[in-house]
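K.L.:
File protein-v8.tsv below, TSV, C-alpha atoms:
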```
chain	number	residue	atom	x	y	z
B	1	MET	CA	128.27	111.34	24.56
B	2	THR	CA	127.20	108.68	27.09
B	3	ALA	CA	127.26	109.76	30.72
B	4	VAL	CA	129.34	107.80	33.22
B	5	ILE	CA	127.35	106.32	36.11
B	6	ARG	CA	129.31	106.20	39.36
B	7	THR	CA	129.06	106.86	43.09
B	8	ALA	CA	129.80	110.34	44.34
B	9	THR	CA	132.92	111.56	46.10
B	10	GLY	CA	133.53	114.49	48.39
B	11	ALA	CA	134.84	116.41	45.40
B	12	ASP	CA	131.33	116.28	43.90
B	13	ASP	CA	129.71	118.13	46.82
B	14	PRO	CA	129.81	121.62	45.20
B	15	ALA	CA	128.37	120.30	41.93
B	16	LEU	CA	125.63	118.39	43.76
B	17	ALA	CA	124.71	121.46	45.80
B	18	ALA	CA	124.50	123.52	42.61
B	19	LEU	CA	122.31	120.93	40.88
B	20	TRP	CA	119.92	120.67	43.84
B	21	ARG	CA	119.71	124.46	44.10
B	22	ARG	CA	118.84	124.62	40.43
B	23	CYS	CA	116.16	121.92	40.58
B	24	PHE	CA	114.61	122.45	44.03
B	25	ASP	CA	113.63	125.26	46.35
B	26	ALA	CA	114.74	123.17	49.31
B	27	PRO	CA	117.90	124.40	51.05
B	28	HIS	CA	117.57	121.67	53.70
B	29	ILE	CA	118.57	118.98	51.16
B	30	LEU	CA	122.25	119.45	51.99
B	31	ASP	CA	121.64	119.03	55.73
B	32	LEU	CA	119.57	115.89	55.13
B	33	HIS	CA	122.23	114.49	52.80
B	34	ALA	CA	124.88	115.02	55.46
B	35	LEU	CA	123.00	112.82	57.97
B	36	ASP	CA	124.21	109.62	56.28
B	37	PRO	CA	127.88	108.91	57.11
B	38	ASP	CA	128.01	106.73	53.97
B	39	ARG	CA	126.30	109.38	51.82
B	40	HIS	CA	128.87	109.39	49.02
B	41	ARG	CA	128.64	105.63	48.63
B	42	HIS	CA	124.84	105.98	48.60
B	43	THR	CA	124.79	108.87	46.12
B	44	PHE	CA	124.75	107.93	42.44
B	45	VAL	CA	125.64	110.48	39.80
B	46	ALA	CA	125.66	110.66	36.02
B	47	GLN	CA	128.84	112.42	35.04
B	48	ASN	CA	128.85	114.32	31.76
B	49	ALA	CA	131.88	112.87	29.99
B	50	ALA	CA	132.17	115.86	27.67
B	51	GLU	CA	131.90	118.65	30.26
B	52	ASP	CA	133.12	116.77	33.35
B	53	GLY	CA	129.99	117.91	35.23
B	54	ILE	CA	127.07	116.21	37.02
B	55	ASP	CA	123.99	115.72	34.84
B	56	ALA	CA	121.80	113.77	37.29
B	57	VAL	CA	121.74	112.37	40.82
B	58	VAL	CA	119.81	109.77	42.83
B	59	VAL	CA	120.33	109.30	46.57
B	60	TYR	CA	119.59	106.13	48.52
B	61	VAL	CA	118.92	106.77	52.23
B	62	PRO	CA	118.92	103.69	54.51
B	63	ARG	CA	116.12	103.85	57.09
B	64	LEU	CA	114.44	101.56	59.59
B	65	ILE	CA	110.76	101.39	58.63
B	66	ARG	CA	108.14	99.13	60.20
B	67	ASP	CA	106.49	96.38	58.16
B	68	ALA	CA	102.86	95.23	58.31
B	69	ARG	CA	103.53	93.54	61.67
B	70	GLY	CA	105.25	96.63	63.11
B	71	THR	CA	108.74	95.09	62.87
B	72	PRO	CA	111.50	97.54	61.82
B	73	ARG	CA	113.09	96.59	58.51
B	74	ARG	CA	116.00	98.11	56.61
B	75	VAL	CA	114.45	100.07	53.76
B	76	GLY	CA	116.10	102.07	51.01
B	77	GLY	CA	114.53	105.49	50.70
B	78	ILE	CA	115.04	107.13	47.32
B	79	GLY	CA	115.22	110.90	47.31
B	80	SER	CA	116.94	114.09	46.11
B	81	VAL	CA	116.48	112.93	42.51
B	82	ALA	CA	117.48	115.68	40.10
B	83	THR	CA	118.48	116.05	36.45
B	84	ARG	CA	119.82	119.11	34.67
B	85	PRO	CA	117.08	120.30	32.26
B	86	GLU	CA	119.48	120.02	29.34
B	87	ALA	CA	120.15	116.35	30.14
B	88	ARG	CA	116.57	115.14	30.55
B	89	GLY	CA	115.09	112.47	28.31
B	90	GLN	CA	118.29	110.40	28.18
B	91	GLY	CA	117.27	107.71	30.68
B	92	LEU	CA	119.82	108.85	33.25
B	93	VAL	CA	117.51	108.43	36.26
B	94	ARG	CA	116.69	104.89	35.15
B	95	ARG	CA	120.39	104.01	35.05
B	96	LEU	CA	120.99	105.65	38.42
B	97	LEU	CA	118.08	103.75	39.96
B	98	GLU	CA	119.58	100.51	38.68
B	99	ALA	CA	122.87	101.34	40.39
B	100	ALA	CA	121.03	102.27	43.60
B	101	GLU	CA	119.07	99.00	43.47
B	102	HIS	CA	122.28	96.95	43.31
B	103	THR	CA	123.68	98.72	46.38
B	104	MET	CA	120.42	98.44	48.32
B	105	ARG	CA	120.33	94.70	47.63
B	106	ALA	CA	123.97	94.31	48.65
B	107	GLU	CA	123.22	96.17	51.90
B	108	ARG	CA	120.27	93.86	52.62
B	109	CYS	CA	117.41	96.31	52.22
B	110	ASP	CA	114.09	94.47	52.30
B	111	TRP	CA	112.43	96.97	50.00
B	112	SER	CA	112.66	100.52	48.68
B	113	LEU	CA	110.33	103.47	49.20
B	114	LEU	CA	109.91	106.83	47.51
B	115	PHE	CA	107.36	109.63	47.20
B	116	THR	CA	106.84	111.51	43.97
B	117	GLY	CA	104.45	113.51	41.85
B	118	THR	CA	105.88	111.91	38.69
B	119	PRO	CA	105.37	108.15	39.13
B	120	GLY	CA	105.99	107.40	35.47
B	121	VAL	CA	109.70	108.10	36.00
B	122	TYR	CA	109.93	105.12	38.36
B	123	ARG	CA	107.43	102.53	37.12
B	124	GLY	CA	109.75	101.15	34.47
B	125	SER	CA	112.41	100.55	37.13
B	126	GLY	CA	110.14	98.36	39.26
B	127	TRP	CA	108.55	100.79	41.72
B	128	GLN	CA	104.77	100.55	42.03
B	129	GLU	CA	102.31	103.12	43.39
B	130	PHE	CA	100.23	102.59	46.48
B	131	ALA	CA	97.27	104.63	47.63
B	132	SER	CA	97.12	106.91	50.66
B	133	THR	CA	94.38	109.24	51.85
B	134	TYR	CA	93.98	112.62	53.47
B	135	THR	CA	90.90	114.45	54.73
B	136	GLU	CA	90.00	118.04	53.94
B	137	GLY	CA	87.21	120.52	54.55
B	138	MET	CA	86.22	123.91	55.93
B	139	LEU	CA	87.48	124.94	59.36
B	140	ALA	CA	84.95	124.37	62.12
B	141	PRO	CA	83.79	127.31	64.27
B	142	PRO	CA	85.59	128.05	67.56
B	143	ALA	CA	85.08	125.60	70.40
B	144	ALA	CA	84.78	126.12	74.13
B	145	ALA	CA	87.82	125.60	76.34
B	146	GLY	CA	88.54	121.96	77.06
B	147	GLU	CA	90.16	119.75	79.66
B	148	PHE	CA	93.78	119.85	78.48
B	149	ARG	CA	96.24	122.73	78.44
B	150	ILE	CA	97.16	123.35	74.80
B	151	ARG	CA	100.31	125.35	74.12
B	152	ALA	CA	103.24	125.71	71.74
B	153	ALA	CA	106.01	123.19	72.27
B	154	THR	CA	109.36	124.35	73.61
B	155	ALA	CA	112.89	122.95	73.50
B	156	ARG	CA	112.33	121.56	77.01
B	157	ASP	CA	109.65	119.27	75.57
B	158	ALA	CA	111.99	117.53	73.12
B	159	THR	CA	112.53	114.34	75.14
B	160	GLU	CA	108.82	113.89	75.92
B	161	VAL	CA	107.84	114.61	72.32
B	162	ALA	CA	110.23	111.94	71.04
B	163	ALA	CA	108.90	109.45	73.59
B	164	LEU	CA	105.30	110.20	72.60
B	165	HIS	CA	106.12	109.65	68.94
B	166	HIS	CA	107.91	106.36	69.61
B	167	ALA	CA	105.12	104.97	71.79
B	168	TYR	CA	102.37	106.03	69.38
B	169	ASN	CA	104.09	104.36	66.42
B	170	ALA	CA	105.68	101.36	68.12
B	171	GLY	CA	103.61	98.95	66.01
B	172	ARG	CA	102.48	101.23	63.17
B	173	PRO	CA	103.17	99.94	59.63
B	174	LEU	CA	105.21	102.21	57.36
B	175	SER	CA	106.38	104.48	60.19
B	176	SER	CA	110.10	105.15	60.67
B	177	VAL	CA	112.19	104.49	63.76
B	178	ARG	CA	113.54	107.95	64.51
B	179	ALA	CA	117.08	108.37	65.82
B	180	PRO	CA	118.33	111.44	67.74
B	181	GLU	CA	119.83	112.87	64.56
B	182	ASP	CA	116.41	112.64	62.88
B	183	TRP	CA	114.90	114.78	65.63
B	184	ALA	CA	117.82	117.21	65.38
B	185	VAL	CA	117.83	117.66	61.59
B	186	ARG	CA	115.25	115.71	59.58
B	187	VAL	CA	112.12	116.53	61.57
B	188	PRO	CA	112.84	120.29	61.77
B	189	ALA	CA	113.65	120.33	58.05
B	190	TRP	CA	110.20	119.00	57.13
B	191	CYS	CA	108.05	120.13	60.07
B	192	GLY	CA	109.75	123.33	61.20
B	193	PRO	CA	111.17	124.14	64.63
B	194	LEU	CA	109.66	122.41	67.65
B	195	ASP	CA	107.88	125.57	68.80
B	196	ARG	CA	105.72	125.50	65.67
B	197	SER	CA	103.97	122.38	66.93
B	198	LEU	CA	101.30	122.19	69.62
B	199	VAL	CA	101.34	119.98	72.69
B	200	ALA	CA	98.64	118.97	75.14
B	201	GLU	CA	99.40	118.78	78.86
B	202	ASP	CA	97.60	116.61	81.37
B	203	PRO	CA	95.81	119.02	83.74
B	204	GLY	CA	96.78	117.04	86.80
B	205	SER	CA	100.37	115.92	86.31
B	206	GLY	CA	101.50	118.45	83.71
B	207	ALA	CA	102.91	115.63	81.59
B	208	LEU	CA	102.66	115.85	77.83
B	209	VAL	CA	99.93	113.59	76.44
B	210	GLY	CA	99.85	114.70	72.79
B	211	ARG	CA	101.65	116.60	70.04
B	212	LEU	CA	100.28	117.91	66.74
B	213	VAL	CA	102.22	119.39	63.83
B	214	ALA	CA	100.49	121.74	61.39
B	215	GLN	CA	101.57	124.22	58.73
B	216	TYR	CA	99.71	127.50	58.22
B	217	GLU	CA	100.93	128.47	54.76
B	218	GLY	CA	99.46	128.35	51.30
B	219	GLU	CA	95.74	127.91	50.67
B	220	CYS	CA	94.88	125.84	53.74
B	221	VAL	CA	96.07	124.58	57.10
B	222	GLU	CA	97.89	121.26	56.70
B	223	VAL	CA	98.02	118.89	59.66
B	224	ARG	CA	101.09	116.72	59.23
B	225	GLU	CA	101.72	114.63	62.34
B	226	PHE	CA	100.11	113.52	65.57
B	227	ALA	CA	101.27	111.37	68.47
B	228	GLY	CA	99.72	110.79	71.85
B	229	ALA	CA	96.45	110.00	73.60
B	230	PRO	CA	93.35	110.18	71.37
B	231	GLU	CA	91.45	112.01	74.14
B	232	CYS	CA	93.42	115.22	73.57
B	233	LEU	CA	93.23	115.23	69.77
B	234	GLY	CA	89.94	117.12	69.55
B	235	GLU	CA	91.33	120.00	71.62
B	236	LEU	CA	94.54	120.04	69.59
B	237	PHE	CA	92.44	120.16	66.41
B	238	ALA	CA	90.42	123.06	67.83
B	239	ALA	CA	93.63	124.97	68.60
B	240	VAL	CA	94.87	124.37	65.06
B	241	GLY	CA	91.61	125.73	63.70
B	242	GLU	CA	91.96	128.84	65.86
B	243	ARG	CA	95.47	129.46	64.55
B	244	GLY	CA	94.33	128.86	60.99
B	245	ARG	CA	91.52	131.39	61.26
B	246	ALA	CA	93.93	133.90	62.79
B	247	THR	CA	96.14	133.65	59.69
B	248	GLY	CA	93.18	134.12	57.36
B	249	LEU	CA	92.76	130.50	56.29
B	250	GLY	CA	89.38	128.81	55.99
B	251	ARG	CA	90.19	125.24	55.04
B	252	ALA	CA	92.32	122.41	56.40
B	253	ARG	CA	93.93	119.24	55.09
B	254	VAL	CA	94.64	116.42	57.55
B	255	ARG	CA	97.38	113.91	56.73
B	256	LEU	CA	96.90	111.52	59.62
B	257	PRO	CA	96.16	107.78	59.63
B	258	ASP	CA	92.59	106.73	58.91
B	259	ASP	CA	92.13	105.49	62.49
B	260	PRO	CA	88.71	105.48	64.22
B	261	GLU	CA	89.87	107.85	67.00
B	262	ILE	CA	91.16	110.35	64.45
B	263	ARG	CA	87.91	110.23	62.47
B	264	ALA	CA	86.00	110.78	65.71
B	265	ALA	CA	87.99	113.94	66.52
B	266	LEU	CA	87.82	115.51	63.04
B	267	PRO	CA	84.61	117.54	63.67
B	268	ALA	CA	86.63	119.70	66.07
B	269	LEU	CA	88.59	120.91	63.03
B	270	LEU	CA	86.44	120.31	59.93
B	271	THR	CA	82.77	120.95	59.21
B	272	ASP	CA	82.46	119.12	55.87
B	273	ALA	CA	85.20	116.51	55.98
B	274	ARG	CA	85.78	114.55	52.79
B	275	GLN	CA	88.42	111.94	52.13
B	276	VAL	CA	90.77	112.25	49.15
B	277	THR	CA	92.84	109.40	47.72
B	278	GLU	CA	96.24	110.07	46.17
B	279	HIS	CA	99.00	107.90	44.71
B	280	VAL	CA	102.28	109.60	45.58
B	281	GLY	CA	103.97	106.71	47.39
B	282	MET	CA	105.85	104.02	45.48
B	283	ALA	CA	107.52	100.85	46.73
B	284	ARG	CA	109.80	98.22	45.21
B	285	PRO	CA	110.50	94.76	46.69
B	286	LEU	CA	114.16	93.85	47.12
B	287	HIS	CA	114.76	90.98	49.57
B	288	ALA	CA	111.18	90.98	50.84
B	289	SER	CA	108.40	89.47	48.78
B	290	ALA	CA	106.04	91.65	46.78
B	291	ALA	CA	103.19	90.45	49.00
B	292	ASP	CA	104.98	91.52	52.18
B	293	VAL	CA	105.75	94.96	50.77
B	294	ARG	CA	102.18	95.43	49.58
B	295	ALA	CA	100.94	94.39	53.03
B	296	ALA	CA	103.13	97.04	54.69
B	297	VAL	CA	102.08	99.96	52.52
B	298	THR	CA	98.36	99.08	52.55
B	299	ALA	CA	97.99	97.99	56.20
B	300	PRO	CA	95.24	99.71	58.23
B	301	GLY	CA	96.68	102.75	59.98
B	302	ALA	CA	99.88	102.70	57.90
B	303	VAL	CA	101.52	106.10	57.61
B	304	HIS	CA	104.90	107.49	56.66
B	305	TRP	CA	105.05	110.73	58.65
B	306	TYR	CA	105.98	113.94	56.87
B	307	GLY	CA	108.97	114.44	59.16
B	308	ASP	CA	110.51	111.17	57.97
B	309	CYS	CA	110.89	112.18	54.30
B	310	PHE	CA	114.25	111.33	52.87
```
As C-alpha cells, how would this structure be written, given the file I've shared?

P.N.:
Amino acid sequence: MTAVIRTATGADDPALAALWRRCFDAPHILDLHALDPDRHRHTFVAQNAAEDGIDAVVVYVPRLIRDARGTPRRVGGIGSVATRPEARGQGLVRRLLEAAEHTMRAERCDWSLLFTGTPGVYRGSGWQEFASTYTEGMLAPPAAAGEFRIRAATARDATEVAALHHAYNAGRPLSSVRAPEDWAVRVPAWCGPLDRSLVAEDPGSGALVGRLVAQYEGECVEVREFAGAPECLGELFAAVGERGRATGLGRARVRLPDDPEIRAALPALLTDARQVTEHVGMARPLHASAADVRAAVTAPGAVHWYGDCF
C-alpha cells in the first residue's frame, strides 16, 4: 500500500525517536531536532497506511551559511534521513525530498546542503556532489615547548571561543553563522564538551588566540576545527600529537581548510602529509543559481565545520 507523505506532528515524536534509534547510533539526534522551533513543519514523514507507523523521515534544518562572498544566506540543511529496512527500495526518500524542496523554496532558501556516504540516494532529486579534501599522515615526533600556553578549554572560555570562531570565519565560504543555541547543543553534540578542545593563550595578556578541536578515538587522531591566529596553530598541532601518542595512536587526519597558513603548520603534527579528496558534500540550487552555489562550495578556503552538521 502506498505510504502517505506528510509533515510530522508532536504525536509522531516517539515513532521518530524509535526509527532514529534503529537506524543510527547517534543519541544526540533528538537534541539537535529539538533546536528548531518549527521542527514538525520541517520534518517530513512517510506514514505506513497499513500499519499506521512511520516508514521514513527527512528533516530540513534552516541555517545561515556563507556564500562565496562570505555573505550569510538561508540554506536548507538536509539531515536525519532514515528508512525502516523493511520499507527500503520504495522511493520514499525521493518523495520526502520533494516535499522538503517545496517547503525550502517557500521559505526562501537559496540552496540546500547535505553530507552523505550514499550520494546515489540524492542525485536523482537534484543534489550534486562537490569535492572536499583532508590531510593525513603519521604523527610527528614531540616538539620543544613553544611561545603560547596550550591547555584544555574550560567553561569560562566559552565566550572567547565563540568570538574566535566568528572572527575567523566572518568571510569564509560555506561556514555557518553559529547562534548561542548552536554552541549550547549542536557543537557539543558533534565535537564533544568544551574541555575536550585545546586553546592557546597569549603569553603576555592571557587572552585566547586559538582553539583546536580533535578526536582521539578510532584508528587515528582527527582534527575537526580550528579558529584563531595562525601563529599558534603549530603549537596546538604539537599538543594534539602529544595527546594522540599518549592514547596509543600513530596517525592523524586533519579536516581543516586548505589555507597556506594551515599547510605551513602541518609539519608540527604530520611527518608524511598527503592530501585526500572525498565527495561527501552535496548541494542543490533553489532560489540561487547553480553557478552561485557551485562557487560557494568550491571557493578557496571553503569549509563546513564538523560542529555545524545538521

K.L.:
Report, in Å with one decimal, the straight-line distance from atom CA of Pro230 of chain B to atom CA of Pro260 of chain B.

P.N.:
9.7 Å

K.L.:
Identify the residues around (127.7, 103.9, 40.6) within a radius of 7 Å, measuring from all atoms listed in the file in the coordinates stated by the file, and give them as a count of residues only.

P.N.:
6

K.L.:
Against segment 154-163 of chain B, which residues of segment 187-212 of chain B fall within 9 Å? For each one I want the closest pair of atoms and the distance in Å (one decimal), counting only C-alpha atoms, rows by chain and increasing residue number, as JSON lines.

P.N.:
```
{"residue": "B:Leu194", "atom": "CA", "partner": "B:Thr154", "partner_atom": "CA", "distance": 6.3}
{"residue": "B:Asp195", "atom": "CA", "partner": "B:Thr154", "partner_atom": "CA", "distance": 5.2}
{"residue": "B:Arg196", "atom": "CA", "partner": "B:Thr154", "partner_atom": "CA", "distance": 8.8}
{"residue": "B:Ser197", "atom": "CA", "partner": "B:Thr154", "partner_atom": "CA", "distance": 8.8}
{"residue": "B:Val199", "atom": "CA", "partner": "B:Val161", "partner_atom": "CA", "distance": 8.4}
{"residue": "B:Ala207", "atom": "CA", "partner": "B:Glu160", "partner_atom": "CA", "distance": 8.4}
{"residue": "B:Leu208", "atom": "CA", "partner": "B:Glu160", "partner_atom": "CA", "distance": 6.7}
{"residue": "B:Val209", "atom": "CA", "partner": "B:Glu160", "partner_atom": "CA", "distance": 8.9}
{"residue": "B:Gly210", "atom": "CA", "partner": "B:Val161", "partner_atom": "CA", "distance": 8.0}
{"residue": "B:Arg211", "atom": "CA", "partner": "B:Val161", "partner_atom": "CA", "distance": 6.9}
```

K.L.:
Identify, on the basis of only C-alpha atoms, every residue whose closest approach to Glu51 of chain B does not exceed 12 Å; exclude the query and any residue fewer than 3 positions from it along the same chain; express the result as a PDB file with C-alpha atoms, in the frame of the given file.

P.N.:
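result29.pdb, freshly written:
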```pdb
ATOM      1  CA  MET B   1     128.270 111.340  24.560  1.00  0.00           C
ATOM      2  CA  THR B   2     127.200 108.680  27.090  1.00  0.00           C
ATOM      3  CA  ALA B   3     127.260 109.760  30.720  1.00  0.00           C
ATOM      4  CA  VAL B   4     129.340 107.800  33.220  1.00  0.00           C
ATOM      5  CA  ALA B  46     125.660 110.660  36.020  1.00  0.00           C
ATOM      6  CA  GLN B  47     128.840 112.420  35.040  1.00  0.00           C
ATOM      7  CA  ASN B  48     128.850 114.320  31.760  1.00  0.00           C
ATOM      8  CA  ILE B  54     127.070 116.210  37.020  1.00  0.00           C
ATOM      9  CA  ASP B  55     123.990 115.720  34.840  1.00  0.00           C
ATOM     10  CA  ALA B  87     120.150 116.350  30.140  1.00  0.00           C
TER      11      ALA B  87
END
```

K.L.:
Please, which residues are within 10 Å of (94.5, 128.2, 70.9) by the file's coordinates, counting all atoms listed in the file, and could they come as a list in words?

P.N.:
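Returned residue set, sorted by chain then number, is Pro142, Ala143, Ala145, Arg149, Ile150, Arg151, Ala152, Leu198, Glu235, Leu236, Phe237, Ala238, Ala239, Val240, Gly241, Glu242, Arg243, Gly244 and Ala246 of chain B.
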
K.L.:
Counting all atoms listed in the file, what is within 7 Å of segment 126-136 of chain B, bar same-chain residues fewer than 2 positions away, as number ranges by chain?

P.N.:
B: 122-124, 252-256, 273-284, 297

K.L.:
Give me the residues near Asp67 of chain B as an mmCIF file with C-alpha atoms, keeping the file's coordinate frame, where near means some atom within 10 Å (using only C-alpha atoms) and where sequence neighbours in that chain fewer than 6 positions away do not count.

P.N.:
```cif
data_model
loop_
_atom_site.group_PDB
_atom_site.id
_atom_site.type_symbol
_atom_site.label_atom_id
_atom_site.label_comp_id
_atom_site.auth_asym_id
_atom_site.auth_seq_id
_atom_site.Cartn_x
_atom_site.Cartn_y
_atom_site.Cartn_z
ATOM 1 C CA ARG B 73 113.090 96.590 58.510
ATOM 2 C CA ARG B 74 116.000 98.110 56.610
ATOM 3 C CA VAL B 75 114.450 100.070 53.760
ATOM 4 C CA ASP B 110 114.090 94.470 52.300
ATOM 5 C CA GLY B 171 103.610 98.950 66.010
ATOM 6 C CA ARG B 172 102.480 101.230 63.170
ATOM 7 C CA PRO B 173 103.170 99.940 59.630
ATOM 8 C CA LEU B 174 105.210 102.210 57.360
ATOM 9 C CA SER B 175 106.380 104.480 60.190
ATOM 10 C CA SER B 176 110.100 105.150 60.670
ATOM 11 C CA ASP B 292 104.980 91.520 52.180
ATOM 12 C CA VAL B 293 105.750 94.960 50.770
ATOM 13 C CA ARG B 294 102.180 95.430 49.580
ATOM 14 C CA ALA B 295 100.940 94.390 53.030
ATOM 15 C CA ALA B 296 103.130 97.040 54.690
ATOM 16 C CA VAL B 297 102.080 99.960 52.520
ATOM 17 C CA ALA B 299 97.990 97.990 56.200
ATOM 18 C CA ALA B 302 99.880 102.700 57.900
#
```

K.L.:
Find the spatial neighbours of segment 17-32 of chain B, counting all atoms listed in the file, within a cut-off of 7 Å - ignore same-chain residues fewer than 5 positions away - and output them as a list in words.

P.N.:
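Here the qualifying residues turn out to be Ala82, Arg84, Val185, Arg186 and Ala189 of chain B.
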
K.L.:
Skip Val59 of chain B itself and residues of its chain fewer than 5 positions away, then list as number ranges by chain all residues within 6 Å of it, counting only C-alpha atoms.

P.N.:
B: 42-43, 78-80

K.L.:
Just how far from atom CA of Gln90 of chain B is atom CA of His40 of chain B, in Å to one decimal?

P.N.:
23.4 Å

K.L.:
Point out the residue among B:Pro285, B:Pro14, B:Gly206, B:Pro188 with the least atom-to-atom distance to Tyr306 of chain B, counting all atoms listed in the file.

P.N.:
B:Pro188

K.L.:
Could you please determine the separation between atom CA of Trp111 of chain B and atom CA of Ala167 of chain B in Å, to one decimal place?

P.N.:
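A separation of 24.3 Å between them.
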